[in-house]
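The file query32.csv comes next; it holds CSV, C-alpha atoms.
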chain,number,residue,atom,x,y,z
T,1,MET,CA,-26.6,-18.2,-14.8
T,2,SER,CA,-28.6,-21.0,-13.1
T,3,GLY,CA,-27.0,-22.7,-10.2
T,4,PHE,CA,-24.6,-20.0,-9.2
T,5,ARG,CA,-24.1,-20.2,-5.4
T,6,GLY,CA,-22.7,-17.0,-4.0
T,7,ALA,CA,-22.6,-16.4,-0.2
T,8,VAL,CA,-22.4,-13.1,1.8
T,9,VAL,CA,-21.0,-13.4,5.3
T,10,THR,CA,-22.6,-11.1,7.9
T,11,PHE,CA,-20.6,-10.1,11.0
T,12,PRO,CA,-22.1,-8.1,13.9
T,13,GLY,CA,-21.6,-4.5,12.6
T,14,SER,CA,-21.5,-5.4,8.9
T,15,ASN,CA,-23.6,-2.8,7.0
T,16,CYS,CA,-23.0,-3.4,3.3
T,17,ASP,CA,-24.1,-7.1,3.4
T,18,ARG,CA,-27.5,-6.4,1.9
T,19,ASP,CA,-26.0,-4.2,-0.9
T,20,MET,CA,-23.5,-7.1,-1.6
T,21,ALA,CA,-26.3,-9.7,-1.7
T,22,VAL,CA,-28.3,-7.5,-4.1
T,23,ALA,CA,-25.4,-7.0,-6.4
T,24,LEU,CA,-24.8,-10.8,-6.5
T,25,GLU,CA,-28.5,-11.4,-7.2
T,26,GLU,CA,-28.7,-8.7,-9.8
T,27,VAL,CA,-25.8,-10.0,-11.8
T,28,SER,CA,-26.2,-13.7,-11.3
T,29,GLY,CA,-30.0,-14.0,-11.3
T,30,GLU,CA,-29.7,-16.3,-8.3
T,31,PRO,CA,-30.5,-15.6,-4.7
T,32,ALA,CA,-27.5,-14.8,-2.5
T,33,ILE,CA,-27.0,-17.2,0.4
T,34,ARG,CA,-26.6,-15.4,3.7
T,35,VAL,CA,-24.1,-16.7,6.3
T,36,TRP,CA,-23.7,-15.7,9.9
T,37,HIS,CA,-20.3,-15.1,11.5
T,38,GLY,CA,-20.9,-17.5,14.3
T,39,ASP,CA,-21.5,-20.5,12.0
T,40,ALA,CA,-18.7,-22.9,11.9
T,41,ASP,CA,-19.4,-24.2,8.4
T,42,LEU,CA,-20.2,-22.7,5.1
T,43,PRO,CA,-23.0,-24.1,2.9
T,44,ASP,CA,-21.8,-26.8,0.6
T,45,GLY,CA,-20.8,-26.2,-3.0
T,46,LEU,CA,-20.3,-22.4,-2.9
T,47,ASP,CA,-19.0,-20.7,-6.0
T,48,PHE,CA,-18.2,-17.4,-4.5
T,49,ILE,CA,-17.9,-15.9,-1.0
T,50,ALA,CA,-18.2,-12.1,-0.3
T,51,LEU,CA,-17.0,-10.4,2.9
T,52,PRO,CA,-19.0,-7.1,3.0
T,53,GLY,CA,-18.2,-3.6,4.3
T,54,GLY,CA,-19.1,-2.2,7.6
T,55,PHE,CA,-17.7,-2.0,11.1
T,56,SER,CA,-17.5,-5.6,12.2
T,57,TYR,CA,-17.3,-5.8,16.0
T,58,GLY,CA,-17.3,-2.0,16.2
T,59,ASP,CA,-13.7,-2.0,14.8
T,60,TYR,CA,-12.6,-3.1,18.3
T,61,LEU,CA,-8.8,-3.6,18.6
T,62,ARG,CA,-8.2,-3.0,14.9
T,63,SER,CA,-10.6,-2.9,11.9
T,64,GLY,CA,-11.3,-6.4,10.9
T,65,ALA,CA,-9.3,-8.0,13.7
T,66,MET,CA,-12.1,-9.6,15.6
T,67,ALA,CA,-14.0,-10.8,12.5
T,68,ALA,CA,-10.8,-12.4,11.2
T,69,ARG,CA,-10.8,-14.7,14.3
T,70,SER,CA,-14.5,-15.5,14.2
T,71,PRO,CA,-15.6,-19.2,13.6
T,72,ILE,CA,-16.8,-18.6,10.0
T,73,MET,CA,-13.4,-17.2,9.0
T,74,GLN,CA,-11.7,-20.6,9.6
T,75,ALA,CA,-14.2,-22.0,7.0
T,76,VAL,CA,-13.6,-19.1,4.6
T,77,ILE,CA,-9.8,-19.6,4.9
T,78,ALA,CA,-10.2,-23.3,4.1
T,79,ALA,CA,-12.5,-22.5,1.2
T,80,ALA,CA,-10.0,-20.0,-0.2
T,81,GLY,CA,-7.3,-22.6,0.0
T,82,ARG,CA,-9.5,-24.9,-2.1
T,83,GLY,CA,-9.7,-22.1,-4.7
T,84,VAL,CA,-13.2,-20.8,-4.0
T,85,PRO,CA,-13.2,-17.1,-5.1
T,86,VAL,CA,-13.4,-14.7,-2.1
T,87,LEU,CA,-14.1,-11.0,-2.5
T,88,GLY,CA,-13.6,-8.7,0.5
T,89,VAL,CA,-14.7,-5.1,0.2
T,90,CYS,CA,-13.8,-2.3,2.6
T,91,ASN,CA,-14.1,-3.9,6.0
T,92,GLY,CA,-14.0,-7.2,4.2
T,93,PHE,CA,-10.6,-6.3,2.8
T,94,GLN,CA,-9.5,-5.5,6.4
T,95,VAL,CA,-10.7,-8.9,7.5
T,96,LEU,CA,-8.7,-10.5,4.7
T,97,THR,CA,-5.5,-8.8,5.7
T,98,GLU,CA,-6.1,-9.5,9.4
T,99,SER,CA,-6.7,-13.2,8.6
T,100,GLY,CA,-3.5,-13.5,6.6
T,101,LEU,CA,-5.3,-14.3,3.4
T,102,LEU,CA,-3.8,-11.1,1.9
T,103,PRO,CA,-0.5,-9.4,2.6
T,104,GLY,CA,-0.2,-6.0,4.2
T,105,ALA,CA,-2.5,-4.0,6.6
T,106,LEU,CA,-5.0,-1.2,6.4
T,107,MET,CA,-4.2,1.7,8.6
T,108,ARG,CA,-5.9,5.0,9.5
T,109,ASN,CA,-6.2,7.3,6.5
T,110,ALA,CA,-3.2,9.5,6.2
T,111,GLY,CA,-5.4,12.6,6.4
T,112,GLN,CA,-7.2,11.2,9.5
T,113,ASN,CA,-10.5,11.9,7.9
T,114,PHE,CA,-13.3,9.5,6.9
T,115,VAL,CA,-13.3,9.6,3.1
T,116,CYS,CA,-16.7,9.1,1.4
T,117,ARG,CA,-16.9,9.9,-2.3
T,118,THR,CA,-16.6,8.3,-5.7
T,119,VAL,CA,-13.0,8.0,-6.9
T,120,ALA,CA,-11.2,7.0,-10.1
T,121,LEU,CA,-9.4,3.7,-10.1
T,122,THR,CA,-7.0,2.2,-12.7
T,123,VAL,CA,-7.4,-1.4,-13.5
T,124,GLU,CA,-3.8,-2.7,-13.1
T,125,ASN,CA,-4.4,-6.4,-13.8
T,126,ASN,CA,-7.3,-7.5,-16.0
T,127,GLN,CA,-6.2,-11.2,-16.0
T,128,SER,CA,-7.8,-12.2,-12.8
T,129,LEU,CA,-11.2,-13.8,-12.5
T,130,PHE,CA,-12.5,-10.6,-10.8
T,131,THR,CA,-11.1,-8.2,-13.3
T,132,ALA,CA,-11.3,-10.0,-16.7
T,133,GLY,CA,-14.3,-7.9,-17.7
T,134,TYR,CA,-12.2,-4.7,-17.7
T,135,ASP,CA,-9.7,-3.4,-20.3
T,136,ALA,CA,-6.2,-3.3,-19.0
T,137,GLY,CA,-5.4,0.2,-17.7
T,138,ALA,CA,-9.1,1.2,-17.8
T,139,GLU,CA,-10.1,4.0,-15.5
T,140,ILE,CA,-13.3,3.2,-13.6
T,141,ARG,CA,-15.3,5.1,-11.0
T,142,ILE,CA,-16.2,3.4,-7.8
T,143,PRO,CA,-17.3,4.9,-4.4
T,144,VAL,CA,-15.2,4.6,-1.3
T,145,ALA,CA,-16.3,5.1,2.3
T,146,HIS,CA,-13.7,4.4,4.9
T,147,HIS,CA,-11.6,5.6,7.8
T,148,ASP,CA,-9.0,2.9,7.7
T,149,GLY,CA,-8.1,2.4,4.0
T,150,ASN,CA,-4.4,3.4,4.1
T,151,TYR,CA,-2.7,0.3,2.6
T,152,PHE,CA,0.6,-0.6,4.1
T,153,ALA,CA,3.1,-3.3,3.5
T,154,ASP,CA,6.9,-3.3,3.6
T,155,GLU,CA,8.9,-2.4,0.5
T,156,ALA,CA,9.9,-6.0,-0.2
T,157,THR,CA,6.2,-7.1,0.0
T,158,LEU,CA,5.1,-4.2,-2.2
T,159,ASP,CA,7.8,-5.1,-4.8
T,160,ARG,CA,6.8,-8.7,-4.8
T,161,ILE,CA,3.0,-8.2,-5.2
T,162,GLU,CA,3.7,-5.6,-7.9
T,163,GLY,CA,6.0,-8.0,-9.7
T,164,GLU,CA,3.5,-10.8,-9.5
T,165,GLY,CA,0.7,-8.6,-10.9
T,166,ARG,CA,-1.3,-8.8,-7.7
T,167,VAL,CA,-2.2,-5.1,-7.5
T,168,ALA,CA,-5.7,-5.4,-9.1
T,169,PHE,CA,-6.7,-1.7,-8.7
T,170,ARG,CA,-4.8,1.5,-8.0
T,171,TYR,CA,-6.3,4.9,-7.1
T,172,ALA,CA,-5.9,7.3,-9.9
T,173,GLU,CA,-5.9,10.1,-7.4
T,174,ALA,CA,-4.7,10.6,-3.8
T,175,VAL,CA,-7.4,9.1,-1.5
T,176,ASN,CA,-6.1,7.8,1.8
T,177,GLY,CA,-2.3,7.7,1.8
T,178,SER,CA,-2.1,4.1,0.6
T,179,GLN,CA,1.4,2.9,-0.4
T,180,ARG,CA,1.8,3.2,-4.1
T,181,ASN,CA,-1.9,4.2,-4.3
T,182,ILE,CA,-2.9,0.5,-4.0
T,183,ALA,CA,-6.7,0.1,-3.8
T,184,GLY,CA,-7.1,-3.6,-4.4
T,185,VAL,CA,-4.8,-6.7,-3.9
T,186,LEU,CA,-5.0,-10.3,-5.1
T,187,ASN,CA,-3.6,-13.4,-3.3
T,188,GLU,CA,-0.9,-15.4,-4.9
T,189,ALA,CA,-3.4,-17.9,-6.5
T,190,GLY,CA,-5.6,-15.0,-7.8
T,191,ASN,CA,-8.8,-16.3,-6.2
T,192,VAL,CA,-8.9,-13.8,-3.3
T,193,LEU,CA,-9.4,-10.1,-3.9
T,194,GLY,CA,-9.5,-7.4,-1.3
T,195,MET,CA,-10.4,-3.8,-2.2
T,196,MET,CA,-11.4,-0.7,-0.3
T,197,PRO,CA,-13.7,0.8,-3.0
T,198,HIS,CA,-17.3,-0.6,-3.1
T,199,PRO,CA,-18.1,-2.2,-6.5
T,200,GLU,CA,-21.5,-3.3,-5.1
T,201,ARG,CA,-22.5,0.3,-4.9
T,202,ALA,CA,-21.9,0.9,-8.6
T,203,ILE,CA,-23.9,-1.7,-10.5
T,204,GLU,CA,-26.6,0.3,-12.2
T,205,PRO,CA,-26.9,3.8,-13.6
T,206,ALA,CA,-29.0,5.0,-10.8
T,207,HIS,CA,-26.0,4.6,-8.5
T,208,GLY,CA,-24.1,7.2,-10.5
T,209,SER,CA,-21.8,4.6,-11.9
T,210,SER,CA,-22.2,1.0,-13.0
T,211,ASP,CA,-18.5,0.4,-13.3
T,212,GLY,CA,-18.6,-2.2,-10.5
T,213,ARG,CA,-20.9,-4.5,-12.4
T,214,ALA,CA,-18.2,-5.9,-14.6
T,215,LEU,CA,-16.4,-7.2,-11.5
T,216,PHE,CA,-19.3,-9.4,-10.5
T,217,ALA,CA,-20.0,-10.3,-14.1
T,218,SER,CA,-16.4,-11.4,-14.7
T,219,ALA,CA,-16.4,-13.6,-11.6
T,220,ILE,CA,-19.7,-15.2,-12.3
T,221,ARG,CA,-18.9,-15.7,-16.0
T,222,SER,CA,-15.6,-17.4,-15.1
T,223,LEU,CA,-17.3,-19.7,-12.8
T,224,VAL,CA,-20.1,-20.6,-15.1
T,225,SER,CA,-17.8,-21.3,-18.0
T,226,ALA,CA,-15.3,-23.1,-15.8
O,1,MET,CA,-1.1,-12.0,37.6
O,2,LYS,CA,-1.5,-8.6,36.0
O,3,VAL,CA,0.2,-8.1,32.6
O,4,ARG,CA,0.5,-5.0,30.5
O,5,ILE,CA,0.9,-5.3,26.8
O,6,PHE,CA,2.2,-2.2,25.0
O,7,VAL,CA,1.5,-2.3,21.3
O,8,SER,CA,3.2,0.3,19.2
O,9,LEU,CA,3.7,0.9,15.5
O,10,LYS,CA,7.0,-0.4,14.1
O,11,PRO,CA,9.7,2.2,13.4
O,12,GLY,CA,9.3,3.5,9.9
O,13,VAL,CA,5.5,3.0,9.7
O,14,LEU,CA,3.8,6.3,9.3
O,15,ASP,CA,1.6,7.1,12.2
O,16,PRO,CA,-1.2,9.5,11.1
O,17,GLN,CA,-2.7,9.6,14.6
O,18,GLY,CA,0.6,10.5,16.2
O,19,ARG,CA,1.1,13.2,13.6
O,20,ALA,CA,-2.3,14.7,14.3
O,21,ILE,CA,-1.6,14.7,18.1
O,22,HIS,CA,1.7,16.3,17.4
O,23,HIS,CA,0.0,19.1,15.4
O,24,ALA,CA,-2.6,19.5,18.2
O,25,LEU,CA,0.1,19.9,20.8
O,26,GLU,CA,1.8,22.6,18.8
O,27,GLY,CA,-1.5,24.3,18.3
O,28,LEU,CA,-1.9,24.5,22.1
O,29,GLY,CA,1.5,26.2,22.2
O,30,PHE,CA,3.7,23.4,23.4
O,31,THR,CA,7.1,23.8,21.8
O,32,GLY,CA,10.0,21.4,21.6
O,33,VAL,CA,7.9,18.2,20.9
O,34,ASN,CA,10.0,16.4,18.3
O,35,ASP,CA,7.8,13.5,17.5
O,36,VAL,CA,4.6,11.7,18.7
O,37,ARG,CA,3.9,8.0,18.2
O,38,ALA,CA,0.5,6.7,19.5
O,39,GLY,CA,0.1,3.1,20.6
O,40,ARG,CA,-2.2,1.0,22.7
O,41,LEU,CA,-2.0,-0.4,26.2
O,42,ILE,CA,-3.8,-3.7,26.9
O,43,GLU,CA,-4.1,-4.9,30.5
O,44,LEU,CA,-4.6,-8.6,31.1
O,45,ASP,CA,-5.4,-10.4,34.3
O,46,VAL,CA,-4.2,-14.0,33.8
O,47,ALA,CA,-3.6,-17.1,35.8
O,48,ASP,CA,-0.3,-17.0,37.7
O,49,ASP,CA,1.1,-20.0,35.8
O,50,THR,CA,0.6,-18.4,32.4
O,51,SER,CA,3.8,-19.0,30.5
O,52,ASP,CA,5.7,-16.3,28.6
O,53,ALA,CA,5.2,-18.4,25.5
O,54,ALA,CA,1.5,-18.2,25.9
O,55,LEU,CA,1.6,-14.4,26.4
O,56,ASP,CA,3.8,-14.1,23.2
O,57,ASP,CA,1.3,-16.2,21.4
O,58,MET,CA,-1.6,-14.0,22.5
O,59,CYS,CA,0.3,-11.0,21.2
O,60,ARG,CA,1.2,-12.5,17.9
O,61,LYS,CA,-2.2,-14.1,17.1
O,62,LEU,CA,-4.5,-11.2,18.1
O,63,LEU,CA,-3.3,-8.3,20.3
O,64,ALA,CA,-0.7,-7.0,17.8
O,65,ASN,CA,-0.7,-7.0,14.0
O,66,MET,CA,2.8,-8.1,13.3
O,67,VAL,CA,2.7,-6.5,9.8
O,68,ILE,CA,2.7,-3.0,11.3
O,69,GLU,CA,3.1,-3.3,15.1
O,70,ASN,CA,5.5,-4.4,17.8
O,71,TYR,CA,4.6,-5.4,21.3
O,72,ARG,CA,6.2,-5.3,24.7
O,73,ILE,CA,5.1,-7.4,27.7
O,74,GLU,CA,5.4,-6.1,31.2
O,75,LYS,CA,4.4,-8.3,34.1
O,76,LEU,CA,3.3,-6.4,37.2
O,77,GLU,CA,4.0,-7.6,40.8
O,78,THR,CA,1.0,-9.4,42.2
O,79,ALA,CA,-0.4,-7.3,45.0

Spell out the structure here as structure tokens.
Amino acid sequence: MSGFRGAVVTFPGSNCDRDMAVALEEVSGEPAIRVWHGDADLPDGLDFIALPGGFSYGDYLRSGAMAARSPIMQAVIAAAGRGVPVLGVCNGFQVLTESGLLPGALMRNAGQNFVCRTVALTVENNQSLFTAGYDAGAEIRIPVAHHDGNYFADEATLDRIEGEGRVAFRYAEAVNGSQRNIAGVLNEAGNVLGMMPHPERAIEPAHGSSDGRALFASAIRSLVSA
Amino acid sequence: MKVRIFVSLKPGVLDPQGRAIHHALEGLGFTGVNDVRAGRLIELDVADDTSDAALDDMCRKLLANMVIENYRIEKLETA
């Protein structure tokens, strides 16, 4: 895996950035590059950009809203446009929808409660660079921990992303009131994935599940073989 | 110039917060509450020559999430 250049962006209030960096390092064998929200530029030649979970800017205004307008996100949006893979997990997913890189919005959980447990997900699309390591329709177990994970988009948008195979993961059980139980969404080009569940918290047996490992392995493999 | 921005969920978007407030009101014994929708009030103090277009832009680019929210701008008389 030599030469893989994966970056993790840290916003004020991110709290899963270290976990994300460790997951990238474990799977790629290369150190993760840490990037600060106030930076205007990303390091050159990145293969992968991760937006971690947490409570960026204290969830002020709306979850992810402030981070989506931070200087580094302009560079992330440009990189995504050039085809660099971008993974947003939990708060990172909220940042991706707020920035317009992904459709829809993440609202307060329907039950009003913070949900923190390991849930079952169905792999809906195993053709993306993030999900190619899973069998189609596989059920995997990944932890969630969020208050605002209730995915919303209008019916036309939902029909469109479903039709285009852009629903990457679906909850196999009721979790947060998400429309059509959507847990993870791809952009049109397939190089941006946002998901509420935390694959970086499920990469080795000691975590209780290592089902998240294949996501990082798929992405890294696709880049190395590309 | 003082400006008030009222941000509310679009009709048809489920409002879990409003529903919880509704249940709490009923729990306190208030009857006859048909529905509750919760929103957000943002007060701005802006230069007097700030244009309506600029205020609209602020709402669309940051203050409201146009996927799920509407906004209404109310300019207050300068004291």

(request) Would you give me, as a ChimeraX atom specification, the residues of chain T that come within 12 Å of chain O, using all atoms listed in the file? (result) /T:60-70,94,97-100,102-113,147-148,150-155,157,176-179

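Using all atoms listed in the file, the smallest distance between any of O:Asp35, O:Met1, O:Arg72, O:Asp56 and Gly18 (chain O) comes from O:Asp35.
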
(request) Name all residues at most 7 Å from Ala202 (chain T) (count only C-alpha atoms; drop same-chain ones fewer than 6 positions away) and give them as a PyMOL selection string. (result) chain T and resi 142+208-213

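Among the candidates T:Val167, T:Ile33, T:Val27, T:Cys16, the residue lying nearest to Arg221 (chain T) is T:Val27 (atoms considered: all atoms listed in the file).
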
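Rounded to one decimal, CA of Gly88 (chain T) and CA of Arg60 (chain O) lie 23.2 Å from each other.
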
(message) Just the number, please: distance in Å from CA of Glu164 (chain T) to CA of Leu129 (chain T), one decimal.
(response) 15.3 Å

(request) Find the residues near Leu215 (chain T): any atom within 9 Å, counting all atoms listed in the file, skip ones fewer than 6 places away on the same chain, and give them as a PyMOL selection string. (result) chain T and resi 129-134+199

Please save C-alpha atoms of the selected residues as an mmCIF file, keeping the file's coordinate frame.
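New file result38.cif:
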data_model
loop_
_atom_site.group_PDB
_atom_site.id
_atom_site.type_symbol
_atom_site.label_atom_id
_atom_site.label_comp_id
_atom_site.auth_asym_id
_atom_site.auth_seq_id
_atom_site.Cartn_x
_atom_site.Cartn_y
_atom_site.Cartn_z
ATOM 1 C CA LEU T 129 -11.200 -13.800 -12.500
ATOM 2 C CA PHE T 130 -12.500 -10.600 -10.800
ATOM 3 C CA THR T 131 -11.100 -8.200 -13.300
ATOM 4 C CA ALA T 132 -11.300 -10.000 -16.700
ATOM 5 C CA GLY T 133 -14.300 -7.900 -17.700
ATOM 6 C CA TYR T 134 -12.200 -4.700 -17.700
ATOM 7 C CA PRO T 199 -18.100 -2.200 -6.500
#

(request) Take the point (-17.8, -10.4, 3.5) as written in the file and pick out every residue within 12 Å of it, counting only C-alpha atoms; give the list as a count of residues only. (result) 54

(request) In Å, rounded to a single decimal, give me how far CA of Gly58 (chain T) is from CA of His22 (chain O). (result) 26.4 Å
